[in-house]
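Trainee: Okay, here's the structure, questions in a sec.
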Amino acid sequence: MTTLAPTTPAPAQATRGTRAWRTLRTSRTALVGLAIVAVHVLIALLAPLLTSYDPIANDAGHALLGSSRNHWAGTDQYGRDVLARVLYGGRYALGVSVAATLLTVALGTVIGCAAALRGGWFDDVLGRVLDAVLAVPSILALLVVVTALGTGPAVIVLAVAIVYVPQVVRVVRGAALAVVPADYVTAARARGESTWSILRREILPNITDVVCVEFAMRASWVVLLISSLSFLGFGADPPTPDWGLMVAENRTAITVVPMASLAPIVALATLVVGLNLAADGLSKAWGVDRIGEGS
């Protein structure tokens, strides 16, 4: 009697992460955006090795110098090397922005998932509170918080979170509402699992794509908001090397040393463009509609 050889089981379906990575590798937009962001991170980390100048040391004898072999981007009104301040400025921009974005997205994700899961009066009250907060322009709300609490990186991170958490809550809540009616969430409720357990094990893993896209997109807005705050004089304190502060300090001398203002503008613009390209690439990789999600 002829025996049949056992059939080889079909390969397991690729996970969402594997599919997203494959899609991401074929997206030129995403790769370019991630490369730009990676370059900014690398430059910020290697800033002490890329320049020998102290970004905060004044040198009145070399103030307002144009581009030269010793100072590639010239010097500002205090004689500080512009290139050194731009390189070190990336540290402040990335450090504060990443911290603020992490806190914002983490709080918004937890609150948004809880609102979708609990529903009822909690969701209604939260919705009214979010509407009230969102009615205030972002920059105005940020200025109010900073004026009340003072300046400093910790205050800026907290202020950005207060301003942007409501927007993240709305996006995440919309994504979570599509998951809450699923059978596995109903089963978890029937088993008597806690709200936190359901959020962590059932809902959050199924909206990770939305959260990742929201983080990348929100980061670009946070970078701009923090730089705008520094430009207005409510962000980084002098002589901190910060791109927004550099533009504010050197705008009156732009006809004398244009690079003192243009260099930080270019650095800020390329970082924001990179973050936006990365967000677009991630949204395509996971099939997330950024407009449809209310972002």
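In the structure tokens, each chain is lettered A, B, ... as it comes, each chain's residues begin at 1, and ligands are numbered from 1 in order of appearance.
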Under the rule of at most 8 Å, produce a per-residue listing of segment 11-107 of chain A near segment 245-258 of chain A: chain, number, name, the closest pair of atoms, and the distance in Å, as a Markdown table, using only C-alpha atoms.

Mentor:
```
| residue | atom | partner | partner_atom | distance |
| --- | --- | --- | --- | --- |
| A:Leu64 | CA | A:Val257 | CA | 6.2 |
| A:Leu65 | CA | A:Val257 | CA | 6.9 |
| A:Gly66 | CA | A:Val257 | CA | 5.9 |
| A:Gly74 | CA | A:Val257 | CA | 7.0 |
| A:Thr75 | CA | A:Val257 | CA | 7.6 |
| A:Asp76 | CA | A:Asn250 | CA | 6.8 |
| A:Gln77 | CA | A:Asn250 | CA | 7.3 |
```

Trainee: Generate a file of the selected residues that holds all heavy atoms, formatted as a tab-separated table (two decimals), in the first residue's frame.

Mentor:
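Listed below is the output, part05.tsv:
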```tsv
chain	number	residue	atom	x	y	z
A	64	LEU	N	29.85	89.10	14.40
A	64	LEU	CA	29.27	89.42	13.09
A	64	LEU	C	30.27	89.20	11.94
A	64	LEU	O	30.37	90.02	11.03
A	64	LEU	CB	28.76	90.86	13.07
A	64	LEU	CG	27.65	91.18	14.09
A	64	LEU	CD1	27.28	92.65	14.03
A	64	LEU	CD2	26.43	90.30	13.86
A	65	LEU	N	30.97	88.09	11.98
A	65	LEU	CA	31.87	87.74	10.88
A	65	LEU	C	31.12	86.90	9.85
A	65	LEU	O	30.27	86.09	10.19
A	65	LEU	CB	33.08	86.95	11.41
A	65	LEU	CG	34.02	87.67	12.38
A	65	LEU	CD1	35.15	86.74	12.79
A	65	LEU	CD2	34.57	88.95	11.75
A	66	GLY	N	31.46	87.10	8.60
A	66	GLY	CA	30.86	86.30	7.54
A	66	GLY	C	31.49	84.93	7.47
A	66	GLY	O	32.37	84.57	8.25
A	74	GLY	N	29.88	81.66	9.72
A	74	GLY	CA	30.05	82.98	10.33
A	74	GLY	C	29.83	82.96	11.83
A	74	GLY	O	29.73	81.90	12.46
A	75	THR	N	29.75	84.14	12.40
A	75	THR	CA	29.49	84.28	13.84
A	75	THR	C	28.32	85.21	14.06
A	75	THR	O	27.97	86.01	13.19
A	75	THR	CB	30.73	84.85	14.57
A	75	THR	OG1	31.03	86.15	14.05
A	75	THR	CG2	31.94	83.95	14.39
A	76	ASP	N	27.72	85.13	15.26
A	76	ASP	CA	26.58	85.99	15.56
A	76	ASP	C	27.04	87.27	16.24
A	76	ASP	O	28.24	87.56	16.31
A	76	ASP	CB	25.55	85.24	16.41
A	76	ASP	CG	26.10	84.81	17.76
A	76	ASP	OD1	27.22	85.24	18.13
A	76	ASP	OD2	25.42	84.04	18.46
A	77	GLN	N	26.10	88.02	16.77
A	77	GLN	CA	26.43	89.32	17.36
A	77	GLN	C	27.26	89.22	18.64
A	77	GLN	O	27.85	90.20	19.09
A	77	GLN	CB	25.13	90.07	17.67
A	77	GLN	CG	24.19	89.32	18.60
A	77	GLN	CD	22.90	90.05	18.81
A	77	GLN	OE1	22.85	91.26	18.78
A	77	GLN	NE2	21.81	89.29	19.01
```

Trainee: Which residue out of A:Ala188, A:Arg69, A:Gly90, A:Ala44 has the minimum interatomic distance to Val266 of chain A when only C-alpha atoms are used?

Mentor: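 Looking at the shortest contact to Val266 of chain A, the residue is A:Gly90.
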
Trainee: With only C-alpha atoms as the atoms that count, which of A:Val180, A:Ala47, A:Ala93, A:Leu262 lies nearest to Pro153 of chain A?

Mentor: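 Answer, going by the shortest atom-to-atom distance: A:Ala93.
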
Trainee: Name the residues in contact with Phe234 of chain A at a cut-off of 12 Å, using only C-alpha atoms, excluding same-chain residues fewer than 2 positions from it; report them as a count of residues only.

Mentor: 31

Trainee: Quick one, how far is atom CA of Gly274 of chain A from atom CA of Leu49 of chain A?

Mentor: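 Between atom CA of Gly274 of chain A and atom CA of Leu49 of chain A the gap is 23.6 Å.
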
Trainee: Residues near Leu107 of chain A, anyone? I mean within 10 Å using only C-alpha atoms, not counting same-chain ones fewer than 2 positions away, as a CSV table (one decimal) with all heavy atoms, in the first residue's frame.

Mentor:
```csv
chain,number,residue,atom,x,y,z
A,101,THR,N,6.6,64.7,22.9
A,101,THR,CA,5.8,63.9,22.1
A,101,THR,C,5.5,62.5,22.7
A,101,THR,O,4.4,62.0,22.7
A,101,THR,CB,6.5,63.6,20.7
A,101,THR,OG1,6.8,64.9,20.1
A,101,THR,CG2,5.5,62.9,19.8
A,102,LEU,N,6.5,61.9,23.4
A,102,LEU,CA,6.3,60.7,24.1
A,102,LEU,C,5.2,60.8,25.2
A,102,LEU,O,4.3,60.0,25.3
A,102,LEU,CB,7.6,60.2,24.7
A,102,LEU,CG,8.6,59.5,23.7
A,102,LEU,CD1,9.9,59.2,24.5
A,102,LEU,CD2,8.0,58.2,23.2
A,103,LEU,N,5.3,61.9,26.0
A,103,LEU,CA,4.4,62.1,27.0
A,103,LEU,C,3.0,62.4,26.5
A,103,LEU,O,2.0,61.8,27.0
A,103,LEU,CB,4.8,63.3,27.9
A,103,LEU,CG,3.9,63.7,29.1
A,103,LEU,CD1,3.7,62.5,30.0
A,103,LEU,CD2,4.4,64.9,29.8
A,104,THR,N,2.9,63.2,25.4
A,104,THR,CA,1.6,63.5,24.8
A,104,THR,C,0.9,62.3,24.2
A,104,THR,O,-0.3,62.1,24.5
A,104,THR,CB,1.8,64.6,23.7
A,104,THR,OG1,2.4,65.7,24.2
A,104,THR,CG2,0.5,64.9,23.0
A,105,VAL,N,1.7,61.5,23.5
A,105,VAL,CA,1.0,60.3,22.8
A,105,VAL,C,0.7,59.3,23.9
A,105,VAL,O,-0.3,58.6,23.8
A,105,VAL,CB,2.0,59.8,21.7
A,105,VAL,CG1,1.4,58.5,21.2
A,105,VAL,CG2,2.2,60.8,20.6
A,109,THR,N,-3.1,58.2,24.3
A,109,THR,CA,-3.4,56.9,24.0
A,109,THR,C,-4.2,56.2,25.1
A,109,THR,O,-5.2,55.5,24.9
A,109,THR,CB,-2.2,56.0,23.7
A,109,THR,OG1,-1.5,56.6,22.5
A,109,THR,CG2,-2.5,54.6,23.3
A,110,VAL,N,-3.7,56.3,26.3
A,110,VAL,CA,-4.4,55.7,27.5
A,110,VAL,C,-5.8,56.3,27.7
A,110,VAL,O,-6.8,55.6,27.9
A,110,VAL,CB,-3.5,55.9,28.8
A,110,VAL,CG1,-4.3,55.5,30.0
A,110,VAL,CG2,-2.2,55.2,28.7
A,111,ILE,N,-5.9,57.7,27.6
A,111,ILE,CA,-7.2,58.3,27.9
A,111,ILE,C,-8.1,58.0,26.7
A,111,ILE,O,-9.3,57.7,26.9
A,111,ILE,CB,-7.0,59.8,28.0
A,111,ILE,CG1,-6.1,60.1,29.2
A,111,ILE,CG2,-8.4,60.5,28.1
A,111,ILE,CD1,-5.8,61.6,29.3
A,112,GLY,N,-7.6,58.0,25.5
A,112,GLY,CA,-8.5,57.7,24.3
A,112,GLY,C,-9.0,56.3,24.4
A,112,GLY,O,-10.2,56.0,24.1
A,161,ALA,N,2.2,68.8,26.3
A,161,ALA,CA,1.3,67.7,26.6
A,161,ALA,C,-0.1,68.2,26.8
A,161,ALA,O,-1.1,67.7,26.3
A,161,ALA,CB,1.8,66.9,27.8
A,162,ILE,N,-0.2,69.3,27.6
A,162,ILE,CA,-1.5,69.9,27.9
A,162,ILE,C,-2.2,70.3,26.6
A,162,ILE,O,-3.4,70.2,26.4
A,162,ILE,CB,-1.4,71.0,28.9
A,162,ILE,CG1,-0.9,70.5,30.3
A,162,ILE,CG2,-2.7,71.8,29.0
A,162,ILE,CD1,-0.6,71.6,31.3
A,164,TYR,N,-1.6,69.3,23.3
A,164,TYR,CA,-1.8,68.3,22.3
A,164,TYR,C,-2.5,67.0,22.7
A,164,TYR,O,-2.9,66.3,21.9
A,164,TYR,CB,-0.4,68.0,21.6
A,164,TYR,CG,-0.1,69.0,20.5
A,164,TYR,CD1,1.3,69.3,20.3
A,164,TYR,CD2,-1.0,69.6,19.8
A,164,TYR,CE1,1.7,70.2,19.3
A,164,TYR,CE2,-0.7,70.5,18.8
A,164,TYR,CZ,0.7,70.8,18.6
A,164,TYR,OH,1.0,71.7,17.6
A,165,VAL,N,-2.5,66.7,24.0
A,165,VAL,CA,-3.2,65.5,24.4
A,165,VAL,C,-4.6,65.4,23.9
A,165,VAL,O,-5.0,64.3,23.5
A,165,VAL,CB,-3.1,65.4,26.0
A,165,VAL,CG1,-4.2,64.4,26.5
A,165,VAL,CG2,-1.7,64.9,26.4
A,166,PRO,N,-5.4,66.5,24.0
A,166,PRO,CA,-6.8,66.3,23.5
A,166,PRO,C,-6.9,65.9,22.1
A,166,PRO,O,-7.8,65.1,21.7
A,166,PRO,CB,-7.4,67.8,23.7
A,166,PRO,CG,-6.6,68.3,24.8
A,166,PRO,CD,-5.2,67.8,24.6
A,168,VAL,N,-4.7,64.0,20.4
A,168,VAL,CA,-4.3,62.6,20.4
A,168,VAL,C,-5.4,61.8,20.9
A,168,VAL,O,-5.7,60.7,20.3
A,168,VAL,CB,-3.0,62.4,21.2
A,168,VAL,CG1,-2.7,60.9,21.2
A,168,VAL,CG2,-1.9,63.2,20.6
A,169,VAL,N,-6.1,62.2,21.9
A,169,VAL,CA,-7.2,61.4,22.5
A,169,VAL,C,-8.3,61.2,21.4
A,169,VAL,O,-8.8,60.1,21.3
A,169,VAL,CB,-7.8,62.2,23.7
A,169,VAL,CG1,-9.1,61.5,24.2
A,169,VAL,CG2,-6.8,62.2,24.9
```

Trainee: Got a sec: who's within 10 Å of Thr240 of chain A, counting only C-alpha atoms, leaving out chain neighbours fewer than 6 positions off, as a VMD selection string?

Mentor: chain A and resid 55 to 56 85 88 to 89 92 246

Trainee: May I have the residues within 12 Å of Val39 of chain A as an MDAnalysis selection string, using only C-alpha atoms and disregarding those fewer than 6 positions away in the same chain?

Mentor: chainID A and resid 32:33 45:47 87 90 94 267 270:271 274:275
